[in-house]
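Peer 1: Input structure: target.txt, which contains compact mmCIF, C-alpha atoms.
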```txt
# COMPACT_ATOMS: atom_id res chain seq x y z
CA MET R 219 -49.03 -14.67 75.81
CA SER R 220 -51.71 -16.46 73.79
CA ALA R 221 -51.25 -19.99 72.41
CA GLY R 222 -51.22 -18.58 68.87
CA THR R 223 -48.45 -16.09 69.64
CA LEU R 224 -46.44 -18.81 71.40
CA THR R 225 -46.83 -21.11 68.37
CA ALA R 226 -45.72 -18.33 66.02
CA ALA R 227 -42.68 -17.61 68.22
CA ILE R 228 -41.68 -21.29 68.38
CA LEU R 229 -42.03 -21.63 64.59
CA THR R 230 -39.87 -18.51 64.13
CA PHE R 231 -37.10 -20.04 66.25
CA MET R 232 -37.45 -23.37 64.41
CA ILE R 233 -36.81 -21.63 61.09
CA TRP R 234 -33.90 -19.60 62.44
CA SER R 235 -32.33 -22.80 63.78
CA TYR R 236 -31.15 -23.35 60.19
CA LEU R 237 -28.38 -20.84 60.91
CA LEU R 238 -26.78 -23.58 63.05
CA GLY R 239 -27.03 -26.02 60.13
CA ASP R 240 -29.68 -28.32 58.70
CA ASN R 241 -31.58 -29.87 61.63
CA PRO R 242 -34.89 -31.69 62.35
CA ALA R 243 -36.55 -28.60 63.88
CA PHE R 244 -36.00 -26.65 60.65
CA ARG R 245 -37.11 -29.57 58.49
CA ILE R 246 -40.34 -29.94 60.49
CA ALA R 247 -41.07 -26.20 60.19
CA GLU R 248 -40.25 -26.31 56.48
CA HIS R 249 -42.64 -29.21 55.81
CA LEU R 250 -45.29 -27.61 58.01
CA PHE R 251 -44.97 -24.48 55.88
CA VAL R 252 -45.29 -26.35 52.58
CA GLY R 253 -48.31 -28.35 53.80
CA THR R 254 -50.12 -25.30 55.16
CA ALA R 255 -49.26 -23.16 52.11
CA VAL R 256 -50.50 -25.81 49.65
CA GLY R 257 -53.71 -26.27 51.65
CA TYR R 258 -54.28 -22.52 51.86
CA ALA R 259 -53.62 -22.01 48.13
CA VAL R 260 -56.08 -24.80 47.25
CA LEU R 261 -58.74 -23.32 49.55
CA VAL R 262 -58.29 -19.84 48.05
CA SER R 263 -58.46 -21.12 44.47
CA TRP R 264 -61.46 -23.37 45.23
CA PHE R 265 -63.55 -20.90 47.22
CA ASN R 266 -62.59 -17.72 45.31
CA VAL R 267 -62.30 -18.97 41.72
CA VAL R 268 -63.55 -22.48 40.92
CA GLN R 269 -66.70 -22.63 43.06
CA PRO R 270 -68.09 -19.17 42.15
CA ALA R 271 -67.33 -19.67 38.46
CA LEU R 272 -68.77 -23.17 38.13
CA PHE R 273 -71.60 -23.21 40.65
CA GLY R 274 -71.93 -19.72 42.09
CA ALA R 275 -72.88 -16.17 41.24
CA VAL R 276 -70.16 -15.65 38.61
CA ALA R 277 -71.21 -18.73 36.61
CA PRO R 278 -72.40 -17.90 33.06
CA ARG R 279 -76.21 -17.87 32.62
CA SER R 280 -76.10 -20.13 29.56
CA PRO R 281 -75.50 -23.83 30.43
CA GLU R 282 -73.35 -24.28 27.29
CA LEU R 283 -71.00 -21.51 28.39
CA ALA R 284 -70.85 -22.89 31.93
CA ALA R 285 -70.03 -26.32 30.52
CA VAL R 286 -66.79 -25.22 28.80
CA PRO R 287 -64.70 -24.56 31.96
CA LEU R 288 -66.17 -27.70 33.54
CA LEU R 289 -65.22 -29.78 30.48
CA LEU R 290 -61.70 -28.31 30.42
CA CYS R 291 -61.28 -29.08 34.15
CA LEU R 292 -62.40 -32.68 33.53
CA LEU R 293 -59.98 -33.02 30.61
CA LEU R 294 -57.19 -31.61 32.80
CA MET R 295 -57.78 -34.43 35.27
CA ALA R 296 -56.47 -36.80 32.57
CA LYS R 297 -52.99 -35.38 33.30
CA VAL R 298 -52.98 -37.33 36.57
CA ARG R 299 -52.69 -40.63 34.67
CA PRO R 300 -49.67 -40.82 32.28
CA ALA R 301 -51.58 -43.05 29.80
CA TRP R 302 -54.29 -40.39 29.35
CA SER R 303 -51.90 -37.47 29.53
CA SER R 304 -52.33 -36.44 25.86
CA ILE R 305 -56.03 -35.68 26.46
CA GLY R 306 -54.94 -33.24 29.13
CA ASN R 307 -52.90 -31.33 26.55
CA ILE R 308 -56.06 -29.57 25.31
CA PRO R 309 -56.76 -27.58 28.52
CA VAL R 310 -53.01 -26.94 28.86
CA ALA R 311 -52.99 -25.58 25.28
CA PHE R 312 -56.00 -23.41 26.22
CA LEU R 313 -54.10 -22.02 29.22
CA ILE R 314 -50.93 -21.42 27.20
CA GLY R 315 -52.87 -19.77 24.36
CA VAL R 316 -54.59 -17.38 26.79
CA GLY R 317 -51.32 -16.80 28.66
CA ALA R 318 -49.33 -16.09 25.49
CA ALA R 319 -51.95 -13.65 24.18
CA LEU R 320 -52.11 -11.84 27.52
CA ALA R 321 -48.29 -11.76 27.67
CA VAL R 322 -48.04 -10.28 24.15
CA GLY R 323 -50.80 -7.72 24.83
CA GLY R 324 -49.36 -6.88 28.25
CA ALA R 325 -45.83 -6.50 26.88
CA LEU R 326 -47.03 -4.28 24.01
CA PHE R 327 -49.43 -2.02 25.91
CA GLY R 328 -48.19 -2.43 29.47
CA THR R 329 -44.42 -2.23 28.97
CA LEU R 330 -43.26 -1.29 25.47
CA TRP R 331 -45.67 1.56 24.82
CA PRO R 332 -45.39 3.26 28.27
CA GLN R 333 -41.59 2.87 28.43
CA VAL R 334 -41.03 4.13 24.88
CA SER R 335 -43.46 7.03 25.50
CA ALA R 336 -41.68 7.93 28.75
CA THR R 337 -38.28 7.89 27.04
CA ALA R 338 -39.49 9.78 23.97
CA GLY R 339 -41.21 12.31 26.24
CA LEU R 340 -37.89 13.37 27.82
CA SER R 341 -36.93 16.85 26.69
CA LEU R 342 -33.35 18.09 26.44
CA ASP R 343 -34.54 21.71 26.48
CA PRO R 344 -34.26 23.11 30.06
CA ALA R 345 -37.04 25.65 29.29
CA ASP R 346 -39.55 22.77 29.17
CA TYR R 347 -38.84 22.21 32.89
CA GLY R 348 -38.91 25.92 33.75
CA ASP R 349 -35.13 26.03 34.14
CA PRO R 350 -33.71 29.45 33.07
CA GLU R 351 -30.13 28.07 32.81
CA PRO R 352 -28.51 27.68 29.38
CA LEU R 353 -28.44 24.19 27.83
CA LEU R 354 -25.05 22.93 29.04
CA ALA R 355 -25.44 24.43 32.54
CA SER R 356 -28.84 22.84 33.13
CA THR R 357 -29.12 19.76 35.37
CA PHE R 358 -32.23 18.66 33.46
CA PHE R 359 -30.27 18.53 30.20
CA TRP R 360 -27.51 16.30 31.59
CA GLN R 361 -29.90 14.14 33.59
CA ASN R 362 -32.23 13.48 30.66
CA LEU R 363 -29.28 12.95 28.31
CA ALA R 364 -27.86 10.35 30.73
CA ILE R 365 -31.25 8.57 30.88
CA LEU R 366 -31.49 8.54 27.06
CA VAL R 367 -27.91 7.29 26.57
CA GLY R 368 -28.35 4.67 29.33
CA THR R 369 -31.65 3.39 27.94
CA ILE R 370 -30.38 3.17 24.35
CA GLY R 371 -27.13 1.54 25.49
CA THR R 372 -28.90 -1.05 27.64
CA PHE R 373 -31.29 -1.79 24.80
CA PHE R 374 -28.35 -2.30 22.39
CA TYR R 375 -26.74 -4.69 24.86
CA PHE R 376 -29.46 -7.21 23.93
CA THR R 377 -28.21 -7.29 20.30
CA PHE R 378 -26.16 -10.46 20.29
CA ASN R 379 -26.16 -11.36 16.60
CA THR R 380 -24.26 -8.53 14.92
CA GLN R 381 -22.30 -9.92 11.97
CA PRO R 382 -19.90 -7.70 10.00
CA GLN R 383 -21.63 -8.31 6.64
CA GLY R 384 -22.22 -5.97 3.69
CA PRO R 385 -20.48 -2.68 2.85
CA LEU R 386 -21.50 -1.09 6.17
CA GLY R 387 -21.03 -4.28 8.22
CA GLY R 388 -17.91 -3.06 10.02
CA PHE R 389 -19.49 0.27 10.87
CA ARG R 390 -22.63 -1.44 12.12
CA GLU R 391 -20.62 -3.81 14.29
CA GLY R 392 -18.56 -0.95 15.77
CA PHE R 393 -21.71 1.11 16.38
CA THR R 394 -23.43 -1.77 18.16
CA ARG R 395 -20.32 -2.62 20.19
CA PHE R 396 -19.95 1.00 21.31
CA TRP R 397 -23.55 1.29 22.51
CA SER R 398 -23.69 -2.17 24.04
CA GLY R 399 -20.45 -1.34 25.93
CA ILE R 400 -22.19 1.65 27.50
CA GLY R 401 -25.20 -0.59 28.11
CA ARG R 402 -23.04 -3.12 29.98
CA TRP R 403 -21.83 -0.41 32.38
CA VAL R 404 -25.36 0.89 32.93
CA ILE R 405 -26.63 -2.66 33.53
CA MET R 406 -23.90 -3.24 36.14
CA ILE R 407 -24.88 0.00 37.92
CA THR R 408 -28.56 -1.03 37.79
CA LEU R 409 -27.81 -4.52 39.11
CA GLY R 410 -25.68 -3.03 41.91
CA ALA R 411 -28.58 -0.76 42.93
CA LEU R 412 -31.11 -3.62 42.67
CA PHE R 413 -28.88 -5.94 44.69
CA ALA R 414 -28.50 -3.28 47.39
CA ASN R 415 -32.27 -2.86 47.51
CA THR R 416 -32.71 -6.65 47.82
CA VAL R 417 -30.22 -6.78 50.71
CA MET R 418 -32.06 -3.93 52.43
CA SER R 419 -35.50 -5.52 52.00
CA ARG R 420 -34.32 -8.83 53.48
CA ILE R 421 -32.63 -7.06 56.40
CA ALA R 422 -35.83 -5.05 56.97
CA LEU R 423 -37.77 -8.35 57.19
CA LEU R 424 -35.22 -9.73 59.66
CA VAL R 425 -35.43 -6.59 61.78
CA GLY R 426 -39.24 -6.86 61.69
CA ARG R 427 -39.19 -10.46 62.96
CA VAL R 428 -36.62 -9.68 65.69
CA GLN R 429 -38.64 -6.63 66.77
CA TRP R 430 -41.84 -8.73 66.92
CA LEU R 431 -40.07 -11.37 69.05
CA LEU R 432 -38.67 -8.74 71.41
CA GLU R 433 -42.12 -7.19 71.79
CA ILE R 434 -43.81 -10.48 72.72
CA LEU R 435 -41.01 -11.84 74.89
CA TRP R 436 -40.24 -8.60 76.74
CA PRO R 437 -43.33 -6.38 76.33
CA ALA R 438 -41.84 -3.64 78.52
CA VAL R 439 -38.78 -3.14 76.26
CA MET P 69 -51.93 -37.04 16.65
CA ILE P 70 -55.55 -35.74 16.84
CA SER P 71 -54.87 -34.45 20.34
CA ARG P 72 -51.72 -32.68 19.08
CA THR P 73 -53.59 -30.98 16.20
CA LEU P 74 -56.56 -30.12 18.40
CA SER P 75 -54.26 -28.65 21.07
CA THR P 76 -52.55 -26.45 18.48
CA VAL P 77 -55.89 -25.30 17.06
CA VAL P 78 -57.21 -24.52 20.56
CA ALA P 79 -54.07 -22.56 21.57
CA MET P 80 -53.97 -20.57 18.32
CA THR P 81 -57.71 -19.80 18.17
CA VAL P 82 -58.06 -18.80 21.79
CA GLY P 83 -54.82 -16.80 21.77
CA LEU P 84 -55.59 -14.90 18.56
CA LEU P 85 -59.14 -14.11 19.78
CA ILE P 86 -57.79 -12.63 23.01
CA LEU P 87 -55.07 -10.76 21.12
CA ALA P 88 -57.78 -9.35 18.81
CA ASP P 89 -59.54 -8.06 21.94
CA PHE P 90 -56.50 -5.77 22.54
CA PHE P 91 -56.77 -4.19 19.09
CA VAL P 92 -60.47 -4.33 18.11
CA ALA P 93 -63.08 -2.19 19.87
CA SER P 94 -66.12 -4.46 19.63
CA ALA P 95 -68.56 -5.36 22.42
CA SER P 96 -68.91 -8.98 21.27
CA ILE P 97 -65.11 -9.53 21.08
CA ASP P 98 -64.76 -7.85 24.48
CA ALA P 99 -67.33 -10.23 25.97
CA LEU P 100 -65.73 -13.25 24.31
CA GLY P 101 -62.26 -12.21 25.51
CA LEU P 102 -63.52 -11.75 29.07
CA TYR P 103 -65.26 -15.14 28.99
CA LEU P 104 -62.09 -16.87 27.72
CA ILE P 105 -59.92 -15.21 30.39
CA ARG P 106 -62.41 -16.19 33.13
CA THR P 107 -62.47 -19.76 31.83
CA ALA P 108 -58.65 -19.82 31.85
CA SER P 109 -58.60 -18.58 35.45
CA VAL P 110 -60.95 -21.42 36.46
CA VAL P 111 -58.79 -24.01 34.67
CA ALA P 112 -55.60 -22.54 36.22
CA ALA P 113 -57.18 -22.64 39.70
CA PHE P 114 -58.29 -26.23 39.11
CA ALA P 115 -54.72 -27.06 37.99
CA LEU P 116 -53.62 -25.95 41.46
CA VAL P 117 -56.01 -28.51 42.97
CA LEU P 118 -54.45 -31.16 40.71
CA GLY P 119 -51.02 -29.96 41.87
CA MET P 120 -52.12 -30.78 45.39
CA VAL P 121 -53.04 -34.30 44.23
CA ASN P 122 -49.47 -34.62 42.90
CA VAL P 123 -48.02 -33.49 46.25
CA LEU P 124 -50.27 -36.04 47.97
CA THR P 125 -49.14 -38.85 45.66
CA VAL P 126 -45.43 -38.08 46.08
CA HIS P 127 -45.57 -37.91 49.87
CA LEU P 128 -47.93 -40.88 50.30
CA ASN P 129 -45.51 -42.96 48.20
CA LYS P 130 -42.64 -41.74 50.37
CA ILE P 131 -44.49 -42.76 53.55
CA TYR P 132 -45.64 -46.09 52.08
CA SER P 133 -42.12 -47.10 51.00
CA ARG P 134 -40.54 -45.67 54.20
CA ASN P 135 -38.08 -43.54 52.20
CA THR P 136 -35.61 -41.21 53.95
CA GLY P 137 -37.51 -38.36 55.58
CA TRP P 138 -40.91 -40.09 55.54
CA GLY P 139 -41.63 -38.61 58.96
CA TYR P 140 -41.38 -35.12 57.50
CA SER P 141 -43.82 -36.17 54.77
CA MET P 142 -46.27 -37.08 57.51
CA VAL P 143 -45.86 -33.60 59.01
CA LEU P 144 -46.51 -32.09 55.55
CA LEU P 145 -49.61 -34.18 54.91
CA GLY P 146 -50.88 -33.58 58.46
CA ALA P 147 -50.54 -29.80 57.96
CA LEU P 148 -52.18 -30.06 54.52
CA PHE P 149 -55.20 -32.06 55.74
CA PHE P 150 -55.57 -29.93 58.85
CA THR P 151 -55.62 -26.71 56.75
CA LEU P 152 -58.06 -28.20 54.24
CA GLY P 153 -60.27 -29.55 57.05
CA VAL P 154 -60.41 -26.22 58.88
CA GLY P 155 -61.03 -24.40 55.58
CA PHE P 156 -63.85 -26.61 54.33
CA LEU P 157 -65.53 -26.95 57.74
CA THR P 158 -65.49 -23.24 58.48
CA GLY P 159 -66.54 -21.98 55.05
CA GLY P 160 -63.34 -21.03 53.26
CA PRO P 161 -60.19 -18.95 53.64
CA ALA P 162 -62.09 -15.87 54.83
CA SER P 163 -63.35 -17.56 58.03
CA THR P 164 -62.07 -16.41 61.44
CA GLN P 165 -60.44 -19.78 62.12
CA MET P 166 -58.59 -19.72 58.80
CA GLN P 167 -57.43 -16.15 59.46
CA GLU P 168 -56.11 -17.29 62.83
CA LEU P 169 -54.32 -20.22 61.20
CA PHE P 170 -52.82 -17.83 58.65
CA GLU P 171 -51.59 -15.42 61.32
CA THR P 172 -50.33 -18.15 63.67
CA VAL P 173 -48.64 -20.53 61.26
CA LEU P 174 -48.41 -19.40 57.65
CA PHE P 175 -47.40 -15.76 58.10
CA PRO P 176 -44.66 -16.34 60.77
CA LEU P 177 -43.18 -19.22 58.75
CA GLU P 178 -43.15 -17.28 55.49
CA ALA P 179 -41.83 -14.03 56.99
CA THR P 180 -39.11 -15.85 58.95
CA LEU P 181 -38.04 -17.89 55.91
CA PHE P 182 -37.62 -14.67 53.93
CA SER P 183 -35.85 -12.98 56.84
CA LEU P 184 -33.46 -15.94 56.89
CA LEU P 185 -32.48 -14.91 53.37
CA ALA P 186 -30.93 -11.76 54.88
CA PHE P 187 -28.01 -13.86 56.14
CA PHE P 188 -27.54 -15.60 52.78
CA VAL P 189 -27.83 -12.34 50.86
CA VAL P 190 -25.15 -10.81 53.08
CA THR P 191 -22.78 -13.73 52.41
CA ALA P 192 -23.63 -13.47 48.70
CA ALA P 193 -22.84 -9.74 48.90
CA TYR P 194 -19.46 -10.55 50.45
CA ARG P 195 -18.69 -12.79 47.48
CA ALA P 196 -20.21 -10.44 44.89
CA PHE P 197 -18.45 -7.35 46.20
CA ARG P 198 -15.03 -8.42 44.92
CA VAL P 199 -13.64 -6.13 42.27
CA LYS P 200 -12.26 -8.23 39.41
CA SER P 201 -12.91 -5.86 36.48
CA PHE P 202 -14.16 -2.36 35.72
CA GLU P 203 -17.73 -3.67 35.43
CA THR P 204 -17.66 -5.41 38.83
CA GLY P 205 -16.14 -2.19 40.20
CA LEU P 206 -19.23 -0.30 39.01
CA PHE P 207 -21.47 -2.97 40.58
CA VAL P 208 -19.65 -2.72 43.93
CA ILE P 209 -19.41 1.09 44.09
CA PHE P 210 -23.02 1.76 43.16
CA GLY P 211 -24.28 -1.13 45.30
CA ILE P 212 -22.46 0.31 48.34
CA ILE P 213 -23.73 3.83 47.57
CA VAL P 214 -27.35 2.62 47.42
CA LEU P 215 -26.89 0.47 50.55
CA LEU P 216 -25.32 3.21 52.65
CA GLY P 217 -27.58 5.91 51.22
CA GLN P 218 -30.62 4.17 52.73
CA VAL P 219 -29.41 3.89 56.32
CA PRO P 220 -28.76 6.64 58.90
CA VAL P 221 -25.09 5.62 59.16
CA GLY P 222 -24.61 6.61 55.52
CA ALA P 223 -25.89 10.13 56.14
CA MET P 224 -23.69 10.33 59.25
CA LEU P 225 -20.62 9.37 57.22
CA TRP P 226 -21.34 11.87 54.46
CA ASP P 227 -24.49 13.96 54.24
CA GLN P 228 -24.45 13.90 50.42
CA LEU P 229 -24.70 10.11 50.28
CA PRO P 230 -28.56 9.96 50.36
CA VAL P 231 -28.64 12.62 47.60
CA ILE P 232 -26.24 10.59 45.44
CA LYS P 233 -28.27 7.44 46.18
CA ASP P 234 -31.42 9.18 44.93
CA TRP P 235 -29.59 10.28 41.78
CA VAL P 236 -28.31 6.73 41.14
CA LEU P 237 -31.86 5.35 41.46
CA ASP P 238 -33.41 8.17 39.38
CA VAL P 239 -30.93 8.30 36.51
CA PRO P 240 -28.59 5.35 35.73
CA ALA P 241 -30.66 2.67 37.50
CA LEU P 242 -33.84 4.02 35.88
CA SER P 243 -32.31 4.00 32.39
CA GLY P 244 -30.86 0.50 32.93
CA ALA P 245 -34.18 -0.85 34.18
CA ARG P 246 -35.96 0.81 31.27
CA GLY P 247 -33.58 -0.72 28.71
CA ILE P 248 -33.91 -4.15 30.35
CA LEU P 249 -37.72 -3.83 30.37
CA LEU P 250 -37.73 -2.93 26.67
CA GLY P 251 -35.53 -5.94 25.87
CA VAL P 252 -37.68 -8.26 27.99
CA ALA P 253 -40.91 -6.91 26.43
CA LEU P 254 -39.61 -7.47 22.89
CA GLY P 255 -38.51 -10.98 23.88
CA THR P 256 -41.96 -11.66 25.38
CA VAL P 257 -43.70 -10.45 22.21
CA ALA P 258 -41.47 -12.63 20.00
CA THR P 259 -41.91 -15.73 22.19
CA GLY P 260 -45.66 -15.16 22.58
CA LEU P 261 -46.16 -14.73 18.84
CA ARG P 262 -44.25 -17.95 18.17
CA VAL P 263 -46.70 -19.78 20.45
CA LEU P 264 -49.75 -18.04 18.92
CA LEU P 265 -48.62 -18.87 15.39
CA GLY P 266 -48.05 -22.52 16.31
CA LEU P 267 -44.26 -22.39 15.72
CA ASP P 268 -43.61 -23.33 19.36
CA ARG P 269 -45.92 -25.88 20.97
CA PRO P 270 -44.91 -26.25 24.63
CA TYR P 271 -48.29 -27.89 25.45
CA VAL P 272 -47.56 -31.00 23.36
CA ASP P 273 -45.99 -33.93 25.27
```
Represent the structure of the file as structure tokens.
Peer 2:
Amino acid sequence: MSAGTLTAAILTFMIWSYLLGDNPAFRIAEHLFVGTAVGYAVLVSWFNVVQPALFGAVAPRSPELAAVPLLLCLLLMAKVRPAWSSIGNIPVAFLIGVGAALAVGGALFGTLWPQVSATAGLSLDPADYGDPEPLLASTFFWQNLAILVGTIGTFFYFTFNTQPQGPLGGFREGFTRFWSGIGRWVIMITLGALFANTVMSRIALLVGRVQWLLEILWPAV
Amino acid sequence: MISRTLSTVVAMTVGLLILADFFVASASIDALGLYLIRTASVVAAFALVLGMVNVLTVHLNKIYSRNTGWGYSMVLLGALFFTLGVGFLTGGPASTQMQELFETVLFPLEATLFSLLAFFVVTAAYRAFRVKSFETGLFVIFGIIVLLGQVPVGAMLWDQLPVIKDWVLDVPALSGARGILLGVALGTVATGLRVLLGLDRPYVD
């Protein structure tokens, strides 16, 4: 067994020791993890992003354009000192402006448009799926209807501010309550399925680690 | 005050220019948008470096004032400096030595920490799987179906269980996830527009 494998095995046991309660072995492994992870993240961001963009091949040809990220980085350093913190707000505002625009664009074109298109593209006509069965006997009809009802219901569940105002206020409130009630059931089913998937993924990781340990400790097994 | 106004102007200008890039097909706006996004990625990466300075300050203070757990802070800083030293001396995270460090220390620690969550998720499941209402009943029943439908024992108990599991994931779970995504996307658009229009200014101290 190599020194690296032995180290990895010892660290694995140190983390698992938490199952017996909080103890120094776990705390050491935990702090080792944070230190290494921070160092690794800094190295990746420095060598893969900052250095190439400011001094390397990806740097803009024009010195003025290259100066902007450098200036923003310098201004960001003011955040380290509380007295100068307000100067550091400018690069933070730059980051938040870019982030908000990307979030809006991403939500519109990456989520809303594809999801609405996928839902609107569902057909209730079995013939569109090559199913010769009549409407009510077709699995496609019921399946697509369930997806439509579930999606609309879940969407209505996010309507929290329905007030019974105006001549149709009561109807509107009842309509929203009906659909959001269906939505609540669908959300519970979805959360149940997601929770089960989370449990399975964590157990798969555990099995993977145990299998790895068994392979290195007893190679013949 | 000047910093506050300038910050708002910067956030709004930059944000609206990038948003325009989504809607306007123009080579110059495309180039400007790409430049702004690249600049933001450099600033975000540099913010990570500053985050490390913060970690350093907190733990050095802890060691200096001999606070509880200062020994662990020494372990953390030792690991941090060792990783940085190896990285800078060997030419970055792609070097052989850094790859070895990743496979020997970082990967086992991370994978084991997440595997440890299996135990906590199981205890959380024990608490969550208590039927108190019709809704929690749905959560429990469909959670158990999806759990058992993924393991061989489930198919041994009832051969239709994997089929039902697939249906649950393809129909009700899909529609629920789709509805949630639509709600989240609309919320994101509303929150993002508030920032871009200067109604919310989270960057001001």
Peer 1: Write out as a PDB file with C-alpha atoms, keeping the file's coordinate frame each polymer residue whose atoms come within 9 Å of P:Leu215, counting only C-alpha atoms; drop sequence neighbours fewer than 6 positions from it.
Peer 2:
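The resulting file, part30.pdb, is shown below:
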```pdb
ATOM      1  CA  ALA R 411     -28.580  -0.760  42.930  1.00  0.00           C
ATOM      2  CA  PHE R 413     -28.880  -5.940  44.690  1.00  0.00           C
ATOM      3  CA  ALA R 414     -28.500  -3.280  47.390  1.00  0.00           C
ATOM      4  CA  ASN R 415     -32.270  -2.860  47.510  1.00  0.00           C
ATOM      5  CA  VAL R 417     -30.220  -6.780  50.710  1.00  0.00           C
ATOM      6  CA  MET R 418     -32.060  -3.930  52.430  1.00  0.00           C
TER       7      MET R 418
ATOM      8  CA  GLY P 222     -24.610   6.610  55.520  1.00  0.00           C
ATOM      9  CA  LYS P 233     -28.270   7.440  46.180  1.00  0.00           C
TER      10      LYS P 233
END
```
Peer 1: Which chain R residues are at most 6 Å from chain P (counting only C-alpha atoms), as a VMD selection string?
Peer 2: chain R and resid 222 226 230 249 to 250 253 to 254 257 260 262 to 263 267 to 268 287 291 307 to 308 310 to 313 315 to 316 318 to 319 322 325 330 365 368 to 369 372 to 373 404 to 408 410 to 411 414 420 to 421 423 to 424
Peer 1: One number please: atom CA of R:Thr329 to atom CA of R:Thr357, in Å, one decimal.
Peer 2: 27.5 Å
Peer 1: Calculate how many Å separate atom CA of R:Ala227 from atom CA of R:Leu431, rounding to one decimal.
Peer 2: 6.8 Å
Peer 1: Tell me, in Å to one decimal, how far atom CA of R:Gly401 is from atom CA of R:Ala345.
Peer 2: 28.8 Å
